[in-house]
Amino acid sequence: RLTRINAQPGAGASTLLKCIARELANRKIPTIVLDQGGNTAFNAIEKLANLVGRPMVVVADIEDISADEVSGLVTRCGPAQYPVVIVTW
């Protein structure tokens, strides 16, 4: 599942989602926050997925993420059914 949040800079979307991600992690729900795209970030998702062996939440807080990067992120997470939240500004 993909949720995309578009917000104006300074609106607080990144701060809110990082707080939510921290709360999920505190509740032992595997969560990863990405602040960059590309293969390095996608590989981090796969590494964490292999470690935890269960669904996790992926929050991508990436300025100017391209449509190709969104597609790549969803493709990598989709088969494993990870919820994906993408914040852009």
# chains A, B, ... in the order shown; residues from 1 in each chain; ligands from 1
$ select_by_dssp --residues "region 5-67 of chain A" --states "alpha helix (DSSP H)" --output "VMD selection string"
chain A and resid 13 to 26 38 to 52 67
$ write_last_selection --atoms "C-alpha atoms" --output "PDB file, in the first residue's frame"
ATOM      1  CA  ALA A  13       4.580  16.680   7.598  1.00  0.00           C
ATOM      2  CA  SER A  14       8.103  15.305   8.005  1.00  0.00           C
ATOM      3  CA  THR A  15       8.124  15.972  11.737  1.00  0.00           C
ATOM      4  CA  LEU A  16       4.725  14.350  12.199  1.00  0.00           C
ATOM      5  CA  LEU A  17       5.635  11.233  10.234  1.00  0.00           C
ATOM      6  CA  LYS A  18       8.969  10.860  12.030  1.00  0.00           C
ATOM      7  CA  CYS A  19       7.093  11.011  15.348  1.00  0.00           C
ATOM      8  CA  ILE A  20       4.653   8.376  14.104  1.00  0.00           C
ATOM      9  CA  ALA A  21       7.546   6.210  12.885  1.00  0.00           C
ATOM     10  CA  ARG A  22       9.246   6.530  16.285  1.00  0.00           C
ATOM     11  CA  GLU A  23       6.008   5.522  18.040  1.00  0.00           C
ATOM     12  CA  LEU A  24       5.594   2.503  15.753  1.00  0.00           C
ATOM     13  CA  ALA A  25       9.172   1.459  16.493  1.00  0.00           C
ATOM     14  CA  ASN A  26       8.515   1.890  20.232  1.00  0.00           C
ATOM     15  CA  GLY A  38      18.248   5.196  -4.949  1.00  0.00           C
ATOM     16  CA  ASN A  39      19.651   1.711  -4.657  1.00  0.00           C
ATOM     17  CA  THR A  40      21.380   2.336  -1.322  1.00  0.00           C
ATOM     18  CA  ALA A  41      18.063   3.173   0.320  1.00  0.00           C
ATOM     19  CA  PHE A  42      16.237   0.330  -1.388  1.00  0.00           C
ATOM     20  CA  ASN A  43      18.933  -2.112  -0.311  1.00  0.00           C
ATOM     21  CA  ALA A  44      18.499  -0.919   3.281  1.00  0.00           C
ATOM     22  CA  ILE A  45      14.820  -1.834   3.074  1.00  0.00           C
ATOM     23  CA  GLU A  46      15.620  -5.314   1.837  1.00  0.00           C
ATOM     24  CA  LYS A  47      18.289  -5.816   4.528  1.00  0.00           C
ATOM     25  CA  LEU A  48      15.908  -4.806   7.289  1.00  0.00           C
ATOM     26  CA  ALA A  49      13.167  -6.989   5.827  1.00  0.00           C
ATOM     27  CA  ASN A  50      15.483  -9.988   5.866  1.00  0.00           C
ATOM     28  CA  LEU A  51      16.430  -9.285   9.477  1.00  0.00           C
ATOM     29  CA  VAL A  52      12.912  -8.896  10.840  1.00  0.00           C
ATOM     30  CA  ALA A  67       8.328   9.077 -10.249  1.00  0.00           C
TER      31      ALA A  67
END
$ residues_around --residues "Glu63 (chain A)" --least-positions-apart "2" --cutoff "12 Å" --atoms "only C-alpha atoms" --output "JSON, numbers by chain"
{"A": [5, 6, 7, 8, 9, 14, 34, 35, 36, 37, 60, 61, 65, 66, 69, 70, 86, 87, 88, 89]}
$ write_last_selection --atoms "all heavy atoms" --output "short mmCIF file (atom, residue, chain, number, x, y, z; two decimals), in the first residue's frame"
data_model
loop_
_atom_site.label_atom_id
_atom_site.label_comp_id
_atom_site.auth_asym_id
_atom_site.auth_seq_id
_atom_site.Cartn_x
_atom_site.Cartn_y
_atom_site.Cartn_z
N ILE A 5 2.14 11.87 0.66
CA ILE A 5 1.75 13.13 1.28
C ILE A 5 2.58 14.24 0.65
O ILE A 5 3.80 14.22 0.70
CB ILE A 5 1.99 13.09 2.80
CG1 ILE A 5 1.14 11.99 3.42
CG2 ILE A 5 1.71 14.45 3.42
CD1 ILE A 5 1.42 11.73 4.87
N ASN A 6 1.90 15.17 0.04
CA ASN A 6 2.56 16.35 -0.53
C ASN A 6 2.28 17.53 0.40
O ASN A 6 1.12 17.78 0.71
CB ASN A 6 2.04 16.66 -1.93
CG ASN A 6 2.38 15.56 -2.91
OD1 ASN A 6 3.51 15.14 -3.01
ND2 ASN A 6 1.37 15.07 -3.61
N ALA A 7 3.31 18.20 0.82
CA ALA A 7 3.14 19.31 1.76
C ALA A 7 4.08 20.44 1.39
O ALA A 7 5.13 20.23 0.78
CB ALA A 7 3.41 18.84 3.18
N GLN A 8 3.70 21.62 1.79
CA GLN A 8 4.56 22.78 1.62
C GLN A 8 5.73 22.67 2.61
O GLN A 8 5.56 22.14 3.72
CB GLN A 8 3.78 24.06 1.90
CG GLN A 8 2.68 24.34 0.90
CD GLN A 8 3.23 24.60 -0.49
OE1 GLN A 8 4.25 25.26 -0.66
NE2 GLN A 8 2.57 24.04 -1.50
N PRO A 9 6.90 23.15 2.24
CA PRO A 9 8.02 23.15 3.19
C PRO A 9 7.63 23.87 4.48
O PRO A 9 6.97 24.92 4.44
CB PRO A 9 9.11 23.93 2.44
CG PRO A 9 8.78 23.77 0.99
CD PRO A 9 7.27 23.73 0.94
N SER A 14 6.95 16.15 7.69
CA SER A 14 8.10 15.31 8.01
C SER A 14 8.21 15.05 9.50
O SER A 14 8.42 13.92 9.94
CB SER A 14 9.40 15.95 7.51
OG SER A 14 9.41 16.05 6.12
N LEU A 34 13.53 6.64 5.41
CA LEU A 34 14.54 6.92 4.39
C LEU A 34 14.62 8.43 4.17
O LEU A 34 13.59 9.09 4.07
CB LEU A 34 14.17 6.27 3.06
CG LEU A 34 13.95 4.76 3.07
CD1 LEU A 34 13.50 4.30 1.69
CD2 LEU A 34 15.21 4.04 3.48
N ASP A 35 15.83 8.95 4.10
CA ASP A 35 15.98 10.36 3.78
C ASP A 35 16.72 10.54 2.45
O ASP A 35 17.14 11.63 2.11
CB ASP A 35 16.67 11.13 4.90
CG ASP A 35 18.06 10.62 5.21
OD1 ASP A 35 18.55 9.72 4.51
OD2 ASP A 35 18.66 11.11 6.18
N GLN A 36 16.87 9.45 1.75
CA GLN A 36 17.43 9.49 0.39
C GLN A 36 16.86 8.33 -0.40
O GLN A 36 16.43 7.34 0.17
CB GLN A 36 18.95 9.42 0.41
CG GLN A 36 19.50 8.11 0.95
CD GLN A 36 21.02 8.08 0.95
OE1 GLN A 36 21.65 9.06 0.65
NE2 GLN A 36 21.57 6.95 1.29
N GLY A 37 16.88 8.49 -1.71
CA GLY A 37 16.37 7.42 -2.57
C GLY A 37 17.52 6.64 -3.18
O GLY A 37 18.64 6.67 -2.68
N ALA A 60 9.41 7.33 3.50
CA ALA A 60 10.41 7.96 2.64
C ALA A 60 10.20 9.47 2.68
O ALA A 60 9.24 9.98 2.14
CB ALA A 60 10.30 7.44 1.21
N ASP A 61 11.10 10.15 3.37
CA ASP A 61 11.04 11.60 3.51
C ASP A 61 12.12 12.16 2.59
O ASP A 61 13.23 12.46 3.01
CB ASP A 61 11.28 11.99 4.96
CG ASP A 61 11.13 13.47 5.21
OD1 ASP A 61 10.70 14.19 4.29
OD2 ASP A 61 11.44 13.91 6.33
N ILE A 65 11.52 13.55 -4.83
CA ILE A 65 11.62 12.15 -5.25
C ILE A 65 10.98 12.02 -6.63
O ILE A 65 9.91 12.59 -6.89
CB ILE A 65 10.98 11.20 -4.22
CG1 ILE A 65 11.29 9.74 -4.58
CG2 ILE A 65 9.50 11.45 -4.08
CD1 ILE A 65 10.92 8.76 -3.48
N SER A 66 11.65 11.33 -7.52
CA SER A 66 11.15 11.19 -8.88
C SER A 66 10.09 10.08 -8.96
O SER A 66 10.02 9.21 -8.09
CB SER A 66 12.29 10.87 -9.83
OG SER A 66 12.75 9.55 -9.62
N GLU A 69 11.77 6.77 -8.84
CA GLU A 69 12.16 6.34 -7.50
C GLU A 69 10.95 5.83 -6.72
O GLU A 69 11.05 4.83 -6.01
CB GLU A 69 12.84 7.47 -6.74
CG GLU A 69 14.24 7.76 -7.21
CD GLU A 69 14.88 8.87 -6.43
OE1 GLU A 69 14.30 9.97 -6.35
OE2 GLU A 69 15.99 8.65 -5.90
N VAL A 70 9.82 6.50 -6.86
CA VAL A 70 8.59 6.03 -6.20
C VAL A 70 8.23 4.65 -6.72
O VAL A 70 7.95 3.73 -5.94
CB VAL A 70 7.42 7.02 -6.42
CG1 VAL A 70 6.11 6.41 -5.94
CG2 VAL A 70 7.69 8.33 -5.72
N ILE A 86 5.23 8.09 1.57
CA ILE A 86 6.21 8.96 0.93
C ILE A 86 5.81 10.40 1.17
O ILE A 86 4.68 10.80 0.89
CB ILE A 86 6.31 8.67 -0.58
CG1 ILE A 86 6.80 7.25 -0.79
CG2 ILE A 86 7.24 9.68 -1.25
CD1 ILE A 86 6.90 6.83 -2.22
N VAL A 87 6.75 11.17 1.74
CA VAL A 87 6.52 12.58 1.99
C VAL A 87 7.38 13.37 1.01
O VAL A 87 8.58 13.13 0.92
CB VAL A 87 6.93 12.98 3.43
CG1 VAL A 87 6.70 14.46 3.66
CG2 VAL A 87 6.17 12.16 4.44
N THR A 88 6.77 14.27 0.25
CA THR A 88 7.53 15.09 -0.67
C THR A 88 7.17 16.54 -0.45
O THR A 88 6.12 16.86 0.08
CB THR A 88 7.25 14.72 -2.14
OG1 THR A 88 5.87 14.91 -2.41
CG2 THR A 88 7.65 13.29 -2.44
N TRP A 89 8.09 17.41 -0.85
CA TRP A 89 7.80 18.84 -0.76
C TRP A 89 8.46 19.55 -1.91
O TRP A 89 9.24 19.00 -2.63
CB TRP A 89 8.25 19.41 0.58
CG TRP A 89 9.70 19.32 0.85
CD1 TRP A 89 10.65 20.27 0.56
CD2 TRP A 89 10.41 18.24 1.45
NE1 TRP A 89 11.87 19.84 0.94
CE2 TRP A 89 11.77 18.60 1.49
CE3 TRP A 89 10.04 17.01 1.94
CZ2 TRP A 89 12.74 17.76 2.01
CZ3 TRP A 89 11.00 16.19 2.46
CH2 TRP A 89 12.33 16.57 2.50
#
$ atom_distance --atom1 "CA of Ile29 (chain A)" --atom2 "CA of Ala11 (chain A)"
26.2 Å
